[in-house]
>>> print(open('protein19.cif').read())   # mmCIF, C-alpha atoms
data_data
loop_
_atom_site.label_atom_id
_atom_site.label_comp_id
_atom_site.auth_asym_id
_atom_site.auth_seq_id
_atom_site.Cartn_x
_atom_site.Cartn_y
_atom_site.Cartn_z
CA MET J 956 0.22 -59.70 46.07
CA MET J 957 0.51 -58.52 49.66
CA ASP J 958 -0.15 -61.05 52.43
CA HIS J 959 -1.02 -58.73 55.31
CA VAL J 960 -1.50 -61.60 57.77
CA ARG J 961 1.99 -62.93 57.12
CA ASP J 962 3.44 -59.43 57.27
CA LEU J 963 1.73 -58.77 60.61
CA ALA J 964 3.45 -61.88 61.97
CA SER J 965 6.77 -60.57 60.65
CA VAL J 966 6.12 -57.22 62.35
CA ARG J 967 5.44 -59.01 65.63
CA ASP J 968 8.66 -61.03 65.37
CA ALA J 969 10.75 -57.98 64.43
CA THR J 970 9.27 -56.00 67.31
CA GLU J 971 10.19 -58.74 69.78
CA ARG J 972 13.76 -58.78 68.46
CA LEU J 973 14.00 -55.04 68.91
CA LEU J 974 12.45 -55.05 72.39
CA ASN J 975 14.74 -57.83 73.58
CA ALA J 976 17.81 -56.04 72.24
CA ALA J 977 16.79 -52.63 73.61
CA ALA J 978 16.14 -54.15 77.04
CA GLU J 979 19.93 -54.55 77.35
CA LEU J 980 20.29 -50.76 77.38
CA ASP J 981 20.04 -48.55 80.43
CA ASN J 982 18.77 -45.00 80.87
CA ALA J 983 22.16 -43.49 80.07
CA SER J 984 22.73 -45.47 76.87
CA ALA J 985 19.15 -44.86 75.75
CA ALA J 986 19.90 -41.13 75.90
CA GLU J 987 23.03 -41.49 73.75
CA PRO J 988 22.99 -40.56 70.04
CA SER J 989 21.50 -43.02 67.59
CA ARG J 990 22.75 -43.33 64.03
CA LEU J 991 20.11 -40.83 62.90
CA PRO J 992 21.41 -37.25 62.95
CA GLY J 993 19.97 -35.27 65.83
CA TRP J 994 18.15 -38.20 67.39
CA SER J 995 19.03 -40.13 70.52
CA ARG J 996 18.10 -43.78 70.91
CA GLY J 997 15.17 -42.48 72.95
CA HIS J 998 13.98 -40.51 69.92
CA VAL J 999 14.07 -43.67 67.81
CA LEU J 1000 12.09 -45.66 70.38
CA ALA J 1001 9.58 -42.83 70.82
CA HIS J 1002 9.14 -42.57 67.05
CA LEU J 1003 8.47 -46.29 66.76
CA SER J 1004 5.76 -46.08 69.42
CA ARG J 1005 4.07 -43.07 67.87
CA ASN J 1006 4.36 -44.55 64.37
CA ALA J 1007 2.48 -47.66 65.52
CA ASP J 1008 -0.35 -45.49 66.81
CA ALA J 1009 -0.26 -43.41 63.64
CA LEU J 1010 -0.71 -46.53 61.52
CA VAL J 1011 -3.62 -47.57 63.73
CA ASN J 1012 -5.13 -44.21 62.73
CA VAL J 1013 -4.48 -44.99 59.06
CA LEU J 1014 -6.17 -48.38 59.27
CA GLY J 1015 -9.11 -46.70 61.03
CA GLY J 1016 -9.58 -44.13 58.28
CA LEU J 1017 -8.20 -41.23 60.36
CA PRO J 1018 -5.35 -38.85 59.53
CA MET J 1019 -2.01 -40.48 60.25
CA TYR J 1020 -0.89 -37.51 62.36
CA VAL J 1021 -2.75 -34.38 63.43
CA SER J 1022 0.10 -32.43 61.80
CA GLY J 1023 3.78 -32.68 61.13
CA GLU J 1024 4.41 -30.34 64.02
CA ALA J 1025 2.36 -32.50 66.40
CA ARG J 1026 4.25 -35.60 65.24
CA ASP J 1027 7.60 -33.98 65.98
CA ALA J 1028 6.41 -32.59 69.32
CA ASP J 1029 5.21 -36.02 70.46
CA ILE J 1030 8.58 -37.58 69.66
CA GLU J 1031 10.44 -34.81 71.51
CA ARG J 1032 8.09 -35.20 74.48
CA ASP J 1033 8.58 -38.96 74.73
CA ALA J 1034 12.29 -39.25 73.85
CA PRO J 1035 13.63 -38.49 77.38
CA ARG J 1036 11.44 -41.08 79.11
CA PRO J 1037 13.19 -43.70 81.25
CA LEU J 1038 13.97 -46.86 79.33
CA ASP J 1039 11.41 -49.05 81.08
CA GLY J 1040 8.68 -46.58 80.15
CA GLN J 1041 9.92 -46.43 76.57
CA LEU J 1042 9.85 -50.20 76.19
CA ALA J 1043 6.44 -50.54 77.86
CA ASN J 1044 5.04 -47.87 75.56
CA LEU J 1045 6.52 -49.54 72.49
CA ARG J 1046 5.10 -52.91 73.49
CA GLU J 1047 1.66 -51.43 74.16
CA SER J 1048 1.54 -49.44 70.92
CA ALA J 1049 2.74 -52.50 68.98
CA ALA J 1050 -0.10 -54.52 70.51
CA ARG J 1051 -2.59 -51.84 69.44
CA PHE J 1052 -1.26 -52.09 65.89
CA GLN J 1053 -1.58 -55.88 65.90
CA ASP J 1054 -5.16 -55.59 67.18
CA ALA J 1055 -6.01 -53.11 64.44
CA GLY J 1056 -4.48 -55.45 61.87
CA ALA J 1057 -6.50 -58.40 63.17
CA ALA J 1058 -9.84 -56.58 62.84
CA PRO J 1059 -12.05 -57.57 59.87
CA ALA J 1060 -11.45 -55.08 57.08
CA ASP J 1061 -11.31 -54.53 53.34
CA TRP J 1062 -7.58 -54.86 52.82
CA SER J 1063 -7.85 -53.83 49.17
CA ARG J 1064 -9.01 -50.32 50.11
CA THR J 1065 -6.82 -47.28 49.61
CA VAL J 1066 -5.55 -45.51 52.71
CA GLU J 1067 -3.78 -42.18 53.15
CA LEU J 1068 -0.45 -41.81 54.93
CA ARG J 1069 1.69 -38.71 55.47
CA ASN J 1070 1.99 -35.83 53.00
CA GLY J 1071 -0.85 -37.07 50.82
CA VAL J 1072 0.81 -40.43 50.07
CA THR J 1073 -1.72 -43.19 49.42
CA ASP J 1074 -1.33 -46.95 49.34
CA SER J 1075 -3.27 -50.16 49.64
CA ALA J 1076 -4.23 -51.04 53.21
CA SER J 1077 -2.64 -54.43 52.57
CA ARG J 1078 0.81 -52.78 52.37
CA VAL J 1079 0.53 -51.03 55.75
CA PRO J 1080 1.89 -54.04 57.74
CA PHE J 1081 4.89 -54.22 55.40
CA ARG J 1082 5.50 -50.52 55.87
CA ARG J 1083 5.47 -51.05 59.63
CA TRP J 1084 7.85 -53.98 59.26
CA GLY J 1085 10.25 -51.63 57.50
CA GLU J 1086 9.99 -49.08 60.29
CA VAL J 1087 10.83 -51.65 62.94
CA GLU J 1088 13.70 -53.34 61.09
CA LEU J 1089 15.48 -50.22 59.84
CA HIS J 1090 15.10 -48.31 63.09
CA HIS J 1091 16.47 -51.32 64.97
CA VAL J 1092 19.59 -50.83 62.85
CA ASP J 1093 19.47 -47.08 63.58
CA LEU J 1094 19.72 -47.75 67.32
CA GLY J 1095 23.34 -48.80 66.79
CA ILE J 1096 23.24 -51.65 69.29
CA GLY J 1097 24.68 -54.49 67.21
CA TYR J 1098 21.88 -55.17 64.71
CA GLU J 1099 23.12 -54.43 61.21
CA LEU J 1100 21.70 -54.45 57.69
CA GLU J 1101 23.40 -57.82 57.21
CA ASP J 1102 21.27 -59.20 60.08
CA LEU J 1103 17.96 -58.29 58.45
CA PRO J 1104 15.75 -61.16 57.22
CA GLU J 1105 16.54 -61.98 53.60
CA GLU J 1106 12.89 -61.74 52.58
CA PHE J 1107 12.62 -58.28 54.07
CA VAL J 1108 15.79 -57.08 52.34
CA GLU J 1109 14.61 -58.25 48.93
CA ARG J 1110 11.14 -56.76 49.34
CA GLU J 1111 12.41 -53.47 50.76
CA ILE J 1112 14.84 -53.06 47.86
CA ALA J 1113 11.95 -53.59 45.45
CA PHE J 1114 9.78 -51.15 47.43
CA LEU J 1115 12.42 -48.41 47.42
CA ALA J 1116 13.38 -48.99 43.80
CA ASP J 1117 9.72 -48.54 42.90
CA ARG J 1118 9.59 -45.37 45.02
CA PHE J 1119 12.34 -43.74 42.94
CA THR J 1120 11.02 -45.02 39.61
CA GLY J 1121 10.20 -42.13 37.29
CA HIS J 1122 12.01 -39.59 39.46
CA PRO J 1123 13.50 -37.03 37.05
CA GLU J 1124 16.62 -36.46 39.16
CA VAL J 1125 17.57 -40.16 39.34
CA PRO J 1126 19.16 -41.63 36.19
CA SER J 1127 17.71 -44.81 34.76
CA THR J 1128 19.41 -47.39 36.96
CA ARG J 1129 19.70 -51.15 37.11
CA ILE J 1130 20.30 -52.48 40.62
CA THR J 1131 21.59 -56.01 41.06
CA ASP J 1132 23.12 -58.31 43.64
CA ALA J 1133 24.32 -60.54 40.76
CA THR J 1134 21.34 -62.85 41.32
CA ARG J 1135 18.33 -60.55 41.31
CA ALA J 1136 17.81 -57.22 39.56
CA TRP J 1137 15.59 -54.17 40.01
CA SER J 1138 15.08 -51.01 37.97
CA THR J 1139 14.62 -47.46 39.17
CA GLY J 1140 15.04 -43.84 38.11
CA ARG J 1141 13.70 -41.86 35.20
CA ASP J 1142 12.39 -43.49 32.05
CA THR J 1143 14.83 -43.51 29.15
CA GLU J 1144 14.99 -45.36 25.88
CA GLY J 1145 17.78 -47.81 25.20
CA GLY J 1146 18.19 -49.39 28.62
CA PRO J 1147 19.63 -48.21 31.94
CA GLU J 1148 22.22 -45.47 32.07
CA VAL J 1149 23.85 -46.85 35.22
CA THR J 1150 24.20 -50.30 36.77
CA VAL J 1151 24.80 -50.57 40.52
CA THR J 1152 26.03 -53.93 41.82
CA GLY J 1153 26.69 -55.22 45.30
CA PRO J 1154 25.45 -57.40 48.15
CA ALA J 1155 21.75 -56.97 48.85
CA PRO J 1156 22.25 -55.42 52.34
CA ALA J 1157 24.64 -52.85 50.88
CA LEU J 1158 22.17 -52.03 48.11
CA LEU J 1159 19.44 -51.56 50.68
CA GLY J 1160 21.70 -49.37 52.81
CA TRP J 1161 22.30 -47.07 49.84
CA LEU J 1162 18.64 -46.96 48.82
CA CYS J 1163 17.40 -46.13 52.32
CA GLY J 1164 20.13 -43.60 53.09
CA ARG J 1165 21.85 -45.66 55.79
CA ARG J 1166 25.10 -46.10 53.81
CA ASP J 1167 26.96 -44.00 51.28
CA GLY J 1168 27.31 -46.77 48.70
CA SER J 1169 31.08 -47.11 49.10
CA GLY J 1170 30.77 -50.91 49.03
CA LEU J 1171 29.00 -50.93 45.66
CA SER J 1172 30.38 -51.03 42.11
CA VAL J 1173 28.94 -48.73 39.46
CA ASP J 1174 29.07 -48.97 35.66
CA GLY J 1175 28.00 -46.22 33.29
CA GLY J 1176 28.55 -43.22 35.55
CA PRO J 1177 28.79 -42.14 39.17
CA LEU J 1178 26.61 -43.64 41.88
CA PRO J 1179 23.26 -41.88 41.59
CA ALA J 1180 22.42 -39.41 44.34
CA LEU J 1181 19.04 -40.37 45.73
CA PRO J 1182 16.48 -37.90 47.11
CA PRO J 1183 15.73 -38.17 50.83
CA LEU J 1184 12.94 -40.54 51.79
#
>>> encode(input="protein19.cif", output="structure tokens")
Amino acid sequence: MMDHVRDLASVRDATERLLNAAAELDNASAAEPSRLPGWSRGHVLAHLSRNADALVNVLGGLPMYVSGEARDADIERDAPRPLDGQLANLRESAARFQDAGAAPADWSRTVELRNGVTDSASRVPFRRWGEVELHHVDLGIGYELEDLPEEFVEREIAFLADRFTGHPEVPSTRITDATRAWSTGRDTEGGPEVTVTGPAPALLGWLCGRRDGSGLSVDGGPLPALPPL
């Protein structure tokens, strides 16, 4: 059961962590490459601002983005902004998202995101939490997967495992940190084909495409190749 109020508070806290860390940058370092191929740190910050506004659209029953092309153009337009403008824009867009989340609403309703994906409105704050936490890591400024809140890591692993469940190109897989376990991949009889074991942050890194899985152990076959998110 999603607790959107609690998740909104987690989004606010994660956003403050990111803003405080990014404030230590300068214009030159903000223009340097992030860990995402082809994106500078400015691209990451611009994306986070525009994603907040896009999720305000979602909560308001509007299309998330006018189009994929418009989304990309907005990020390219905003990426070269001076750092102080980037941070002000991120703070303002984050406040708009919090205001939208605080408005009375039916949180059990279904909303539409990008590419025809639908979800419960109650999961939108968690989705935003994931954007903020993982892109903070993508900035490459000292915040790592191991620094993520434990609750977030566990829930994001479950979210991503569910996302790949039933995918015909992913073998039936058991994922475990030796304490907790998740299942993903295609449905097969007789149990999982592959078991992937490792620390929870390393599992998350593999699932979300931030790490190649070299720190994980695999039984039953090679480490499954996961489709892009």
>>> residues_around(input="protein19.cif", residues="Pro1104 in chain J", least_positions_apart="6", cutoff="12 Å", atoms="all atoms listed in the file", output="number ranges by chain")
J: 965-966, 968-969, 972, 1084-1085, 1088-1089, 1098, 1110-1111, 1155-1156
>>> closest_atom_pairs(input="protein19.cif", of="range 1106-1143 of chain J", to="range 1176-1179 of chain J", cutoff="12 Å", atoms="only C-alpha atoms", output="Markdown table")
| residue | atom | partner | partner_atom | distance |
| --- | --- | --- | --- | --- |
| J:Phe1119 | CA | J:Pro1179 | CA | 11.2 |
| J:His1122 | CA | J:Pro1179 | CA | 11.7 |
| J:Pro1123 | CA | J:Pro1179 | CA | 11.8 |
| J:Glu1124 | CA | J:Pro1179 | CA | 8.9 |
| J:Val1125 | CA | J:Pro1179 | CA | 6.4 |
| J:Pro1126 | CA | J:Pro1179 | CA | 6.8 |
| J:Ser1127 | CA | J:Pro1179 | CA | 9.3 |
| J:Thr1128 | CA | J:Pro1179 | CA | 8.2 |
| J:Arg1129 | CA | J:Pro1179 | CA | 10.9 |
| J:Ile1130 | CA | J:Leu1178 | CA | 10.9 |
| J:Thr1139 | CA | J:Pro1179 | CA | 10.6 |
| J:Gly1140 | CA | J:Pro1179 | CA | 9.1 |
| J:Arg1141 | CA | J:Pro1179 | CA | 11.5 |
>>> write_last_selection(input="protein19.cif", atoms="C-alpha atoms", output="short mmCIF file (atom, residue, chain, number, x, y, z; two decimals), keeping the file's coordinate frame")
data_model
loop_
_atom_site.label_atom_id
_atom_site.label_comp_id
_atom_site.auth_asym_id
_atom_site.auth_seq_id
_atom_site.Cartn_x
_atom_site.Cartn_y
_atom_site.Cartn_z
CA PHE J 1119 12.34 -43.74 42.94
CA HIS J 1122 12.01 -39.59 39.46
CA PRO J 1123 13.50 -37.03 37.05
CA GLU J 1124 16.62 -36.46 39.16
CA VAL J 1125 17.57 -40.16 39.34
CA PRO J 1126 19.16 -41.63 36.19
CA SER J 1127 17.71 -44.81 34.76
CA THR J 1128 19.41 -47.39 36.96
CA ARG J 1129 19.70 -51.15 37.11
CA ILE J 1130 20.30 -52.48 40.62
CA THR J 1139 14.62 -47.46 39.17
CA GLY J 1140 15.04 -43.84 38.11
CA ARG J 1141 13.70 -41.86 35.20
#
>>> closest_residue(input="protein19.cif", among="J:Val1079, J:Leu1094, J:Leu1000, J:Val1013", to="Met957 in chain J", atoms="all atoms listed in the file")
J:Val1079
>>> closest_residue(input="protein19.cif", among="J:Gly1095, J:Leu1181, J:Val1011, J:Asp1039", to="Asp1054 in chain J", atoms="all atoms listed in the file")
J:Val1011
>>> atom_distance(input="protein19.cif", atom1="CA of Ile1030 in chain J", atom2="CA of Leu1003 in chain J")
9.2 Å
>>> atom_distance(input="protein19.cif", atom1="CA of Asp1142 in chain J", atom2="CA of Leu1115 in chain J")
16.1 Å
>>> residues_around(input="protein19.cif", residues="Gly1164 in chain J", least_positions_apart="5", cutoff="12 Å", atoms="all atoms listed in the file", output="list in words")
Arg990, Leu991, Pro992, Leu1089, Asp1093, Leu1100, Leu1115, Ala1157, Leu1158, Leu1159, Ala1180, Leu1181, Pro1182, Pro1183 and Leu1184 of chain J
>>> resolve_selection(input="protein19.cif", expression="the PyMOL selection byres ((chain J and resi 1033) around 9)", output="ChimeraX atom specification")
/J:997-998,1000-1002,1028-1032,1034-1036,1041
>>> resolve_selection(input="protein19.cif", expression="the PyMOL selection byres ((chain J and resi 1046) around 10)", output="list in words")
Arg967, Thr970, Glu971, Leu974, Ser1004, Ala1007, Gly1040, Gln1041, Leu1042, Ala1043, Asn1044, Leu1045, Glu1047, Ser1048, Ala1049, Ala1050, Arg1051 and Phe1052 of chain J
>>> closest_residue(input="protein19.cif", among="J:Ala1025, J:Glu1106, J:Ser995, J:Leu1171", to="Ala1009 in chain J", atoms="only C-alpha atoms")
J:Ala1025
>>> closest_residue(input="protein19.cif", among="J:Asp1174, J:Asp1117, J:Asp1008, J:Asp958", to="Leu1162 in chain J", atoms="all atoms listed in the file")
J:Asp1117
>>> axis_aligned_box(input="protein19.cif", around="range 1159-1175 of chain J", padding_each_side="6 Å", output="JSON")
{"center_x": 24.2, "center_y": -47.6, "center_z": 44.5, "size_x": 25.7, "size_y": 20.0, "size_z": 34.5}
>>> atom_distance(input="protein19.cif", atom1="CA of Asp962 in chain J", atom2="CA of Met1019 in chain J")
19.9 Å
>>> residues_around(input="protein19.cif", residues="Arg1064 in chain J", least_positions_apart="3", cutoff="12 Å", atoms="all atoms listed in the file", output="count of residues only")
14
>>> closest_residue(input="protein19.cif", among="J:Leu1038, J:Gly1168, J:Ala964, J:Leu1010", to="Ala983 in chain J", atoms="only C-alpha atoms")
J:Leu1038
>>> closest_residue(input="protein19.cif", among="J:Gly1071, J:Asn1012, J:Pro1154, J:Ile1096", to="Ser984 in chain J", atoms="all atoms listed in the file")
J:Ile1096
